[in-house]
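work-v9.csv, holding CSV, C-alpha atoms:
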chain,number,residue,atom,x,y,z
N,1,GLU,CA,53.3,29.4,-30.2
N,2,THR,CA,50.1,29.1,-28.1
N,3,GLY,CA,51.7,28.2,-24.7
N,4,VAL,CA,49.8,24.8,-24.7
N,5,THR,CA,52.3,22.0,-24.3
N,6,GLN,CA,51.8,18.2,-24.7
N,7,SER,CA,53.9,15.2,-23.8
N,8,PRO,CA,55.2,13.0,-25.1
N,9,THR,CA,55.7,14.0,-28.7
N,10,HIS,CA,55.5,10.5,-30.0
N,11,LEU,CA,54.5,7.2,-28.5
N,12,ILE,CA,54.5,3.6,-29.7
N,13,LYS,CA,52.3,1.0,-27.9
N,14,THR,CA,51.0,-2.5,-28.6
N,15,ARG,CA,47.4,-3.6,-28.7
N,16,GLY,CA,45.8,-4.1,-25.3
N,17,GLN,CA,48.2,-1.7,-23.5
N,18,GLN,CA,47.3,1.5,-21.7
N,19,VAL,CA,48.6,5.0,-22.4
N,20,THR,CA,48.5,8.4,-20.7
N,21,LEU,CA,49.0,11.6,-22.5
N,22,ARG,CA,49.6,14.9,-20.8
N,23,CYS,CA,48.7,18.5,-21.6
N,24,SER,CA,49.5,21.8,-19.9
N,25,SER,CA,47.1,24.6,-20.7
N,26,GLN,CA,47.9,28.2,-21.6
N,27,SER,CA,48.3,30.5,-18.7
N,28,GLY,CA,45.0,31.9,-17.5
N,29,HIS,CA,42.9,29.1,-19.2
N,30,ASN,CA,40.8,26.8,-17.1
N,31,THR,CA,39.3,24.6,-19.8
N,32,VAL,CA,40.9,21.8,-21.7
N,33,SER,CA,39.5,19.9,-24.6
N,34,TRP,CA,40.9,16.8,-26.2
N,35,TYR,CA,40.6,15.8,-29.9
N,36,GLN,CA,41.6,12.8,-31.9
N,37,GLN,CA,42.9,13.4,-35.4
N,38,ALA,CA,43.2,10.2,-37.5
N,39,LEU,CA,45.3,10.3,-40.6
N,40,GLY,CA,43.7,12.4,-43.4
N,41,GLN,CA,40.8,13.4,-41.2
N,42,GLY,CA,39.7,16.5,-39.2
N,43,PRO,CA,40.0,16.4,-35.4
N,44,GLN,CA,37.2,14.7,-33.6
N,45,PHE,CA,36.1,15.9,-30.1
N,46,ILE,CA,36.8,13.4,-27.3
N,47,PHE,CA,35.8,15.3,-24.2
N,48,GLN,CA,36.3,18.6,-22.3
N,49,TYR,CA,37.3,19.4,-18.7
N,50,TYR,CA,36.4,22.5,-16.8
N,51,ARG,CA,37.6,23.1,-13.3
N,52,GLU,CA,38.4,19.4,-12.9
N,53,GLU,CA,35.0,18.1,-14.0
N,54,GLU,CA,34.1,16.5,-17.4
N,55,ASN,CA,32.0,19.0,-19.3
N,56,GLY,CA,30.8,17.1,-22.4
N,57,ARG,CA,31.9,14.1,-24.3
N,58,GLY,CA,32.0,13.0,-27.9
N,59,ASN,CA,31.3,9.6,-29.4
N,60,PHE,CA,34.2,7.8,-27.8
N,61,PRO,CA,34.0,4.6,-25.6
N,62,PRO,CA,34.5,4.7,-21.9
N,63,ARG,CA,38.1,3.3,-22.2
N,64,PHE,CA,38.9,6.9,-23.1
N,65,SER,CA,39.0,8.8,-19.8
N,66,GLY,CA,40.6,12.0,-18.5
N,67,LEU,CA,41.5,14.1,-15.6
N,68,GLN,CA,42.1,17.7,-14.9
N,69,PHE,CA,44.2,18.9,-12.1
N,70,PRO,CA,43.9,22.0,-9.9
N,71,ASN,CA,46.5,23.8,-12.0
N,72,TYR,CA,44.3,23.1,-15.0
N,73,SER,CA,46.7,20.7,-16.7
N,74,SER,CA,45.1,17.5,-18.0
N,75,GLU,CA,45.6,13.9,-18.8
N,76,LEU,CA,44.0,11.6,-21.4
N,77,ASN,CA,44.0,7.9,-20.6
N,78,VAL,CA,43.2,5.2,-23.1
N,79,ASN,CA,42.9,1.6,-21.9
N,80,ALA,CA,42.9,-1.6,-24.0
N,81,LEU,CA,44.5,0.1,-27.0
N,82,GLU,CA,43.2,-0.9,-30.4
N,83,LEU,CA,44.9,-0.4,-33.8
N,84,ASP,CA,42.4,2.2,-34.7
N,85,ASP,CA,43.5,4.4,-31.8
N,86,SER,CA,46.6,5.3,-33.8
N,87,ALA,CA,46.2,9.0,-34.3
N,88,LEU,CA,47.4,12.5,-33.4
N,89,TYR,CA,45.9,13.5,-30.1
N,90,LEU,CA,45.4,17.2,-29.7
N,91,CYS,CA,44.8,19.2,-26.6
N,92,ALA,CA,43.2,22.6,-26.7
N,93,SER,CA,42.9,25.2,-23.9
N,94,SER,CA,40.4,28.0,-23.6
N,95,LEU,CA,39.4,30.7,-21.2
N,96,GLY,CA,36.2,29.1,-19.9
N,97,VAL,CA,32.9,27.5,-20.6
N,98,GLY,CA,29.7,29.3,-21.2
N,99,ASP,CA,31.1,31.5,-23.9
N,100,VAL,CA,30.5,30.0,-27.3
N,101,THR,CA,32.7,32.7,-28.9
N,102,ASP,CA,35.7,31.5,-27.0
N,103,THR,CA,38.8,30.5,-29.0
N,104,GLN,CA,40.4,27.1,-28.4
N,105,TYR,CA,44.2,27.2,-28.7
N,106,PHE,CA,45.9,23.9,-29.6
N,107,GLY,CA,49.1,22.2,-28.5
N,108,PRO,CA,51.5,20.5,-30.9
N,109,GLY,CA,49.9,17.1,-30.3
N,110,THR,CA,51.0,13.6,-29.4
N,111,ARG,CA,51.4,11.0,-32.2
N,112,LEU,CA,50.3,7.6,-30.9
N,113,THR,CA,51.1,4.5,-32.9
N,114,VAL,CA,49.5,1.2,-31.8
N,115,LEU,CA,51.1,-1.9,-33.2
L,116,ALA,CA,23.7,19.2,-35.6
L,117,GLN,CA,26.3,21.8,-36.4
L,118,SER,CA,28.6,20.9,-39.2
L,119,VAL,CA,30.9,22.3,-41.9
L,120,ALA,CA,31.9,21.0,-45.3
L,121,GLN,CA,35.1,21.7,-47.2
L,122,PRO,CA,34.3,20.5,-50.7
L,123,GLU,CA,37.8,20.5,-52.2
L,124,ASP,CA,40.5,18.1,-51.1
L,125,GLN,CA,43.4,20.1,-52.5
L,126,VAL,CA,43.8,23.7,-53.7
L,127,ASN,CA,46.8,24.5,-56.0
L,128,VAL,CA,47.7,28.1,-56.5
L,129,ALA,CA,50.7,29.9,-58.0
L,130,GLU,CA,52.8,32.0,-55.6
L,131,GLY,CA,51.5,35.6,-55.7
L,132,ASN,CA,48.1,34.7,-56.9
L,133,PRO,CA,44.9,35.0,-54.7
L,134,LEU,CA,44.2,32.0,-52.5
L,135,THR,CA,40.6,30.9,-51.6
L,136,VAL,CA,39.7,27.9,-49.5
L,137,LYS,CA,36.0,27.1,-49.4
L,138,CYS,CA,33.8,26.2,-46.4
L,139,THR,CA,30.1,25.9,-46.1
L,140,TYR,CA,28.2,25.4,-42.8
L,141,SER,CA,25.0,24.0,-41.5
L,142,VAL,CA,23.8,25.3,-38.1
L,143,SER,CA,20.7,25.8,-36.0
L,144,GLY,CA,21.0,29.2,-34.4
L,145,ASN,CA,23.9,31.7,-34.8
L,146,PRO,CA,27.0,30.4,-36.5
L,147,TYR,CA,30.3,30.7,-34.7
L,148,LEU,CA,32.9,29.8,-37.3
L,149,PHE,CA,36.7,29.3,-37.1
L,150,TRP,CA,39.6,28.7,-39.4
L,151,TYR,CA,42.8,26.9,-38.3
L,152,VAL,CA,46.0,25.9,-40.2
L,153,GLN,CA,48.1,22.8,-39.6
L,154,TYR,CA,51.7,22.5,-40.8
L,155,PRO,CA,53.2,19.0,-41.1
L,156,ASN,CA,53.6,17.2,-37.7
L,157,ARG,CA,52.2,20.2,-35.9
L,158,GLY,CA,49.1,21.1,-34.0
L,159,LEU,CA,46.4,23.5,-35.2
L,160,GLN,CA,47.1,27.2,-35.3
L,161,PHE,CA,44.2,29.6,-35.0
L,162,LEU,CA,43.8,32.0,-37.9
L,163,LEU,CA,40.5,33.8,-37.4
L,164,LYS,CA,36.9,33.6,-36.3
L,165,TYR,CA,33.5,35.0,-37.1
L,166,ILE,CA,31.2,35.7,-34.2
L,167,THR,CA,29.0,38.6,-35.3
L,168,GLY,CA,29.2,41.9,-37.1
L,169,ASP,CA,31.3,42.7,-40.1
L,170,ASN,CA,31.1,39.9,-42.8
L,171,LEU,CA,34.8,40.3,-43.6
L,172,VAL,CA,37.0,39.0,-40.8
L,173,LYS,CA,40.7,39.7,-40.8
L,174,GLY,CA,43.1,37.3,-39.2
L,175,SER,CA,46.7,36.3,-38.8
L,176,TYR,CA,49.4,36.1,-41.5
L,177,GLY,CA,47.4,38.2,-44.0
L,178,PHE,CA,44.4,35.9,-44.1
L,179,GLU,CA,40.8,37.0,-44.1
L,180,ALA,CA,37.5,35.3,-44.4
L,181,GLU,CA,34.1,36.3,-45.8
L,182,PHE,CA,30.9,35.3,-44.1
L,183,ASN,CA,27.9,34.9,-46.3
L,184,LYS,CA,24.7,34.1,-44.6
L,185,SER,CA,22.6,33.6,-47.7
L,186,GLN,CA,25.1,31.1,-49.1
L,187,THR,CA,25.9,29.6,-45.7
L,188,SER,CA,29.6,30.0,-46.6
L,189,PHE,CA,32.7,31.1,-44.8
L,190,HIS,CA,35.5,31.1,-47.3
L,191,LEU,CA,39.1,31.8,-46.3
L,192,LYS,CA,41.1,34.2,-48.6
L,193,LYS,CA,44.5,35.6,-49.0
L,194,PRO,CA,45.2,38.2,-51.7
L,195,SER,CA,48.7,37.0,-52.5
L,196,ALA,CA,49.8,33.4,-51.6
L,197,LEU,CA,53.2,32.6,-50.4
L,198,VAL,CA,55.0,29.2,-50.7
L,199,SER,CA,55.1,29.2,-46.9
L,200,ASP,CA,51.2,29.1,-46.9
L,201,SER,CA,51.4,25.5,-48.1
L,202,ALA,CA,49.6,23.6,-45.3
L,203,LEU,CA,46.4,21.9,-44.3
L,204,TYR,CA,43.5,24.3,-43.6
L,205,PHE,CA,40.5,23.4,-41.4
L,206,CYS,CA,37.2,25.1,-41.1
L,207,ALA,CA,35.3,24.5,-37.9
L,208,VAL,CA,32.0,25.5,-36.3
L,209,ARG,CA,31.2,25.8,-32.6
L,210,ALA,CA,28.8,23.1,-31.5
L,211,SER,CA,28.0,23.7,-27.8
L,212,ASN,CA,31.3,23.4,-26.0
L,213,ARG,CA,33.2,21.7,-28.8
L,214,LEU,CA,34.5,22.4,-32.3
L,215,ALA,CA,33.2,20.4,-35.2
L,216,PHE,CA,35.8,20.4,-38.0
L,217,GLY,CA,35.7,19.8,-41.7
L,218,LYS,CA,37.9,17.2,-43.3
L,219,GLY,CA,40.5,19.8,-44.2
L,220,ASN,CA,41.9,21.3,-47.4
L,221,GLN,CA,45.5,20.8,-48.5
L,222,VAL,CA,46.8,24.0,-50.0
L,223,VAL,CA,49.8,23.8,-52.3
L,224,VAL,CA,51.5,27.0,-53.3
L,225,ILE,CA,53.6,26.6,-56.4
L,226,PRO,CA,56.7,28.7,-56.7

As a first step, turn the structure in this file into structure tokens.
Amino acid sequence: ETGVTQSPTHLIKTRGQQVTLRCSSQSGHNTVSWYQQALGQGPQFIFQYYREEENGRGNFPPRFSGLQFPNYSSELNVNALELDDSALYLCASSLGVGDVTDTQYFGPGTRLTVL
Amino acid sequence: AQSVAQPEDQVNVAEGNPLTVKCTYSVSGNPYLFWYVQYPNRGLQFLLKYITGDNLVKGSYGFEAEFNKSQTSFHLKKPSALVSDSALYFCAVRASNRLAFGKGNQVVVIP
């Protein structure tokens, strides 16, 4: 196990609702990245947080937003849920930005189903 | 843009036989390449990475990967497959601060 934890494990929401997913990074890691993995696809980068600031964003609309807290844990918020938001959401922690050789360690994911 | 391709959807191999999962990459600059494995309903587990140096990289659970610059490939290998190696394998390339993943390869090890 990596030491990266995510909650909840599973979540069912309806279209238009809002959801918050949580991630606790591995001890000593100050960077958290979020990915969306649709069924049968590879993970797609949503955004990254480093020391409480957003540090890069993928091709996702503004209704996907995030936070990082002083203890380096993080939240992913999705507003106005759509059916296509149904996916496995993965959080990954790493030691820090600026090192392209750094390894990202993933949590078990949160399975979001939008009905 | 940095990208990887995994040309096969599924790889079937008999238990005890060598396992190879293929990955090719396209990058500008130095390639930083990773392999991850995903078991059903689980997150991704890091196996190994290539940064620089020796073209043969050794990783977790007996896996290794061969970096080939002329063929722009980074194939994952295991000399003797186990039934427990049945899983989804992802190749990824570092693109700035993010990982760009391939679509994944389902590996089925047949007893």

> Can you list, as number ranges by chain, every protein, DNA or RNA residue that comes within 12 Å of Gly217 (chain L) when you count only C-alpha atoms, leaving out same-chain residues fewer than 5 positions away?
Replying inline: N: 37, 40-44; L: 117-124, 136-141, 148-151, 203-209

### Query
Would you list which chain N residues are within 7 Å of chain L using only C-alpha atoms, as a PyMOL selection string?
chain N and resi 41-43+45+90+97+100-101+105-109

Atom pair CA of Ser25 (chain N) + CA of Lys13 (chain N), distance 25.2 Å

Atom pair CA of Gly16 (chain N) + CA of Leu76 (chain N), distance 16.3 Å

Test item: residues at most 9 Å from Ala196 (chain L), only C-alpha atoms, excluding those fewer than 2 positions along its chain, as a compact mmCIF listing (two decimals) with C-alpha atoms, in the frame of the given file:
# COMPACT_ATOMS: atom_id res chain seq x y z
CA VAL L 128 47.70 28.10 -56.50
CA ALA L 129 50.70 29.90 -58.00
CA GLU L 130 52.80 32.00 -55.60
CA GLY L 131 51.50 35.60 -55.70
CA ASN L 132 48.10 34.70 -56.90
CA PRO L 133 44.90 35.00 -54.70
CA LEU L 134 44.20 32.00 -52.50
CA LYS L 193 44.50 35.60 -49.00
CA PRO L 194 45.20 38.20 -51.70
CA VAL L 198 55.00 29.20 -50.70
CA SER L 199 55.10 29.20 -46.90
CA ASP L 200 51.20 29.10 -46.90
CA SER L 201 51.40 25.50 -48.10
CA VAL L 224 51.50 27.00 -53.30

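When CA of Gln68 (chain N) is paired with CA of Glu52 (chain N), their separation reads 4.5 Å.
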